[in-house]
>>> print(open('run.cif').read())   # mmCIF, C-alpha atoms
data_start
loop_
_atom_site.group_PDB
_atom_site.id
_atom_site.type_symbol
_atom_site.label_atom_id
_atom_site.label_comp_id
_atom_site.auth_asym_id
_atom_site.auth_seq_id
_atom_site.Cartn_x
_atom_site.Cartn_y
_atom_site.Cartn_z
ATOM 1 C CA MET A 68 0.000 0.000 0.000
ATOM 2 C CA ALA A 69 2.760 2.308 0.699
ATOM 3 C CA LEU A 70 3.928 1.633 -2.720
ATOM 4 C CA ALA A 71 0.528 2.378 -4.156
ATOM 5 C CA ARG A 72 0.331 5.506 -2.048
ATOM 6 C CA LYS A 73 3.750 6.601 -3.229
ATOM 7 C CA LYS A 74 2.742 5.883 -6.744
ATOM 8 C CA MET A 75 -0.453 7.826 -6.216
ATOM 9 C CA GLU A 76 1.429 10.712 -4.663
ATOM 10 C CA LYS A 77 3.845 10.677 -7.557
ATOM 11 C CA LEU A 78 0.947 10.626 -9.954
ATOM 12 C CA ARG A 79 -0.763 13.513 -8.142
ATOM 13 C CA PHE A 80 2.519 15.368 -7.973
ATOM 14 C CA ALA A 81 3.025 14.773 -11.682
ATOM 15 C CA GLU A 82 -0.528 15.939 -12.389
ATOM 16 C CA LYS A 83 -0.064 19.013 -10.247
ATOM 17 C CA GLN A 84 3.314 19.547 -11.830
ATOM 18 C CA ALA A 85 1.756 19.179 -15.268
ATOM 19 C CA THR A 86 -1.027 21.604 -14.286
ATOM 20 C CA ARG A 87 1.537 24.037 -12.931
ATOM 21 C CA GLN A 88 3.611 23.614 -16.063
ATOM 22 C CA LYS A 89 0.510 24.246 -18.229
ATOM 23 C CA MET A 90 -0.205 27.380 -16.185
ATOM 24 C CA ILE A 91 3.408 28.465 -16.545
ATOM 25 C CA ASP A 92 3.347 27.696 -20.241
ATOM 26 C CA ARG A 93 0.057 29.617 -20.626
ATOM 27 C CA ALA A 94 1.464 32.518 -18.637
ATOM 28 C CA CYS A 95 4.641 32.449 -20.749
ATOM 29 C CA GLU A 96 2.546 32.289 -23.886
ATOM 30 C CA GLU A 97 0.397 35.195 -22.672
ATOM 31 C CA LEU A 98 3.532 37.119 -21.740
ATOM 32 C CA ASN A 99 5.039 36.370 -25.162
ATOM 33 C CA LYS A 100 1.805 37.466 -26.842
ATOM 34 C CA LYS A 101 1.752 40.663 -24.787
ATOM 35 C CA GLN A 102 5.423 41.258 -25.464
ATOM 36 C CA THR A 103 4.965 40.549 -29.157
ATOM 37 C CA SER A 104 1.906 42.779 -29.197
ATOM 38 C CA GLU A 105 3.848 45.475 -27.338
ATOM 39 C CA ASN A 106 6.787 45.087 -29.740
ATOM 40 C CA VAL A 107 4.442 45.338 -32.729
ATOM 41 C CA ARG A 108 2.791 48.409 -31.182
ATOM 42 C CA LEU A 109 6.170 50.004 -30.463
ATOM 43 C CA GLU A 110 7.437 49.158 -33.950
ATOM 44 C CA ARG A 111 4.263 50.637 -35.417
ATOM 45 C CA GLN A 112 4.710 53.795 -33.313
ATOM 46 C CA VAL A 113 8.364 54.019 -34.338
ATOM 47 C CA GLU A 114 7.361 53.533 -37.990
ATOM 48 C CA GLU A 115 4.611 56.160 -37.683
ATOM 49 C CA ALA A 116 7.059 58.595 -36.058
ATOM 50 C CA ARG A 117 9.623 57.911 -38.773
ATOM 51 C CA ILE A 118 6.987 58.385 -41.499
ATOM 52 C CA LYS A 119 5.808 61.599 -39.814
ATOM 53 C CA GLU A 120 9.403 62.855 -39.612
ATOM 54 C CA ASP A 121 10.047 61.868 -43.237
ATOM 55 C CA ASN A 122 6.881 63.690 -44.302
ATOM 56 C CA GLU A 123 7.938 66.749 -42.313
ATOM 57 C CA LEU A 124 11.377 66.684 -43.899
ATOM 58 C CA GLN A 125 9.830 66.245 -47.330
ATOM 59 C CA MET A 126 7.418 69.149 -46.697
ATOM 60 C CA ARG A 127 10.334 71.350 -45.582
ATOM 61 C CA ALA A 128 12.335 70.352 -48.646
ATOM 62 C CA GLN A 129 9.360 71.112 -50.896
ATOM 63 C CA LYS A 130 8.854 74.450 -49.160
ATOM 64 C CA ARG A 131 12.538 75.325 -49.618
ATOM 65 C CA GLN A 132 12.287 74.289 -53.272
ATOM 66 C CA ARG A 133 9.201 76.471 -53.783
ATOM 67 C CA GLN A 134 11.004 79.372 -52.092
ATOM 68 C CA ARG A 135 14.057 78.868 -54.297
ATOM 69 C CA GLU A 136 11.830 78.781 -57.379
ATOM 70 C CA ALA A 137 10.006 81.940 -56.239
ATOM 71 C CA ILE A 138 13.342 83.668 -55.658
ATOM 72 C CA GLU A 139 14.557 82.565 -59.081
ATOM 73 C CA ARG A 140 11.336 83.795 -60.722
ATOM 74 C CA SER A 141 11.708 87.095 -58.894
ATOM 75 C CA ARG A 142 15.316 87.384 -60.058
ATOM 76 C CA GLN A 143 14.256 86.643 -63.633
ATOM 77 C CA ILE A 144 11.528 89.267 -63.439
ATOM 78 C CA GLN A 145 14.021 91.802 -62.033
ATOM 79 C CA LEU A 146 16.488 91.003 -64.805
ATOM 80 C CA GLU A 147 13.772 91.321 -67.433
ATOM 81 C CA LEU A 148 12.653 94.637 -65.956
ATOM 82 C CA GLN A 149 16.240 95.883 -65.932
ATOM 83 C CA GLU A 150 16.627 94.826 -69.559
ATOM 84 C CA GLN A 151 13.365 96.543 -70.499
ATOM 85 C CA ARG A 152 14.462 99.724 -68.685
ATOM 86 C CA ARG A 153 17.836 99.592 -70.390
ATOM 87 C CA LYS A 154 16.198 99.136 -73.807
ATOM 88 C CA ALA A 155 13.765 101.965 -73.068
ATOM 89 C CA ASP A 156 16.694 104.192 -72.040
ATOM 90 C CA VAL A 157 18.582 103.304 -75.213
ATOM 91 C CA GLU A 158 15.495 103.967 -77.349
ATOM 92 C CA GLU A 159 14.855 107.262 -75.538
ATOM 93 C CA ASN A 160 18.494 108.289 -76.009
ATOM 94 C CA GLN A 161 18.318 107.394 -79.698
ATOM 95 C CA ARG A 162 15.058 109.307 -80.072
ATOM 96 C CA LEU A 163 16.536 112.329 -78.309
ATOM 97 C CA ALA A 164 19.713 112.118 -80.385
ATOM 98 C CA LEU A 165 17.660 112.020 -83.582
ATOM 99 C CA HIS A 166 15.490 114.904 -82.352
ATOM 100 C CA TYR A 167 18.509 117.041 -81.487
ATOM 101 C CA GLU A 168 20.210 116.085 -84.735
ATOM 102 C CA GLN A 169 17.143 117.312 -86.620
ATOM 103 C CA LYS A 170 17.052 120.475 -84.507
ATOM 104 C CA VAL A 171 20.735 121.118 -85.235
ATOM 105 C CA LYS A 172 20.100 120.660 -88.962
ATOM 106 C CA GLU A 173 17.115 123.013 -88.791
ATOM 107 C CA MET A 174 19.175 125.595 -86.909
ATOM 108 C CA GLU A 175 22.059 125.238 -89.368
ATOM 109 C CA TYR A 176 19.612 125.637 -92.264
ATOM 110 C CA GLU A 177 18.071 128.700 -90.607
ATOM 111 C CA GLU A 178 21.527 130.167 -89.969
ATOM 112 C CA ALA A 179 22.544 129.498 -93.559
ATOM 113 C CA SER A 180 19.282 131.060 -94.795
ATOM 114 C CA GLU A 181 19.862 134.061 -92.561
ATOM 115 C CA GLN A 182 23.431 134.363 -93.897
ATOM 116 C CA VAL A 183 22.186 134.179 -97.486
ATOM 117 C CA ALA A 184 19.450 136.712 -96.730
ATOM 118 C CA LYS A 185 21.983 138.990 -95.004
ATOM 119 C CA LYS A 186 24.388 138.766 -97.949
ATOM 120 C CA GLU A 187 21.537 139.450 -100.373
ATOM 121 C CA LYS A 188 20.430 142.420 -98.299
ATOM 122 C CA ASN A 189 24.030 143.715 -98.193
ATOM 123 C CA ARG A 190 24.271 143.366 -101.994
ATOM 124 C CA GLU A 191 21.024 145.244 -102.441
ATOM 125 C CA VAL A 192 22.197 147.984 -100.073
ATOM 126 C CA ARG A 193 25.535 148.289 -101.887
ATOM 127 C CA ALA A 194 23.822 148.329 -105.251
ATOM 128 C CA THR A 195 21.452 151.023 -104.037
ATOM 129 C CA GLN A 196 24.333 153.006 -102.605
ATOM 130 C CA ARG A 197 26.313 152.691 -105.859
ATOM 131 C CA LEU A 198 23.274 153.736 -107.841
ATOM 132 C CA LYS A 199 22.713 156.729 -105.586
ATOM 133 C CA ARG A 200 26.394 157.696 -105.861
ATOM 134 C CA TRP A 201 26.344 157.301 -109.611
ATOM 135 C CA ARG A 202 23.170 159.377 -109.889
ATOM 136 C CA SER A 203 24.482 162.054 -107.633
ATOM 137 C CA ASP A 204 27.821 162.135 -109.497
ATOM 138 C CA SER A 205 26.320 162.182 -112.984
ATOM 139 C CA GLY A 206 23.205 164.143 -112.257
ATOM 140 C CA TRP A 207 21.209 161.598 -114.244
ATOM 141 C CA ARG A 208 17.554 160.925 -113.483
ATOM 142 C CA PRO A 209 15.821 157.840 -114.792
ATOM 143 C CA PRO A 210 12.743 158.334 -116.930
ATOM 144 C CA ARG A 211 9.405 157.499 -115.480
ATOM 145 C CA ARG A 212 8.222 154.122 -116.527
ATOM 146 C CA SER A 213 4.793 153.248 -117.632
ATOM 147 C CA SER A 214 2.786 150.680 -115.724
ATOM 148 C CA SER A 215 2.466 148.414 -118.776
ATOM 149 C CA ARG A 216 6.119 147.398 -118.705
ATOM 150 C CA PRO A 217 7.272 145.122 -115.880
ATOM 151 C CA THR A 218 9.838 146.536 -113.516
ATOM 152 C CA ARG A 219 12.901 144.834 -112.268
ATOM 153 C CA ARG A 220 11.402 144.387 -108.848
ATOM 154 C CA SER A 221 8.260 142.729 -110.155
ATOM 155 C CA TRP A 222 10.218 140.046 -112.065
ATOM 156 C CA GLY A 223 10.864 138.242 -109.074
#
>>> encode(input="run.cif", output="structure tokens")
Amino acid sequence: MALARKKMEKLRFAEKQATRQKMIDRACEELNKKQTSENVRLERQVEEARIKEDNELQMRAQKRQRQREAIERSRQIQLELQEQRRKADVEENQRLALHYEQKVKEMEYEEASEQVAKKEKNREVRATQRLKRWRSDSGWRPPRRSSSRPTRRSWG
């Protein structure tokens, strides 16, 4: 009987041990599941944080790129405006040069006309003076002309 009792005790001990081992195994399995679940959750959080950081970096890079492009467009516009102003200045200078060139020519023509008129007037005055001197020296008087014959002055 003692042997049967010992056998029974061993059997009970083995059953209890098996039950304990099942409980330990279940607890280990639960712990592993929780740990795995926690690891998955942490990995997911890390991945989400990394994705969020990547997106932020990408947004910053895109913003910098847009700013660079805006600056470049602004520079191009400034250069184009400078070129337009320069062309307008050149055109204005050319227009003014042409205008003043024409004015100079007009003034030169007027001066030349005045000189010619002055010389002609001087010739007329000298001719009149010579005629007066000749008349006074010779005592000659021209005959009166009739209105039917053209005079020297009316020729033209």
>>> atom_distance(input="run.cif", atom1="atom CA of A:Ser104", atom2="atom CA of A:Arg87")
24.8 Å
>>> atom_distance(input="run.cif", atom1="atom CA of A:Ala128", atom2="atom CA of A:Gln145")
25.3 Å
>>> atom_distance(input="run.cif", atom1="atom CA of A:Asn189", atom2="atom CA of A:Ser203")
20.6 Å
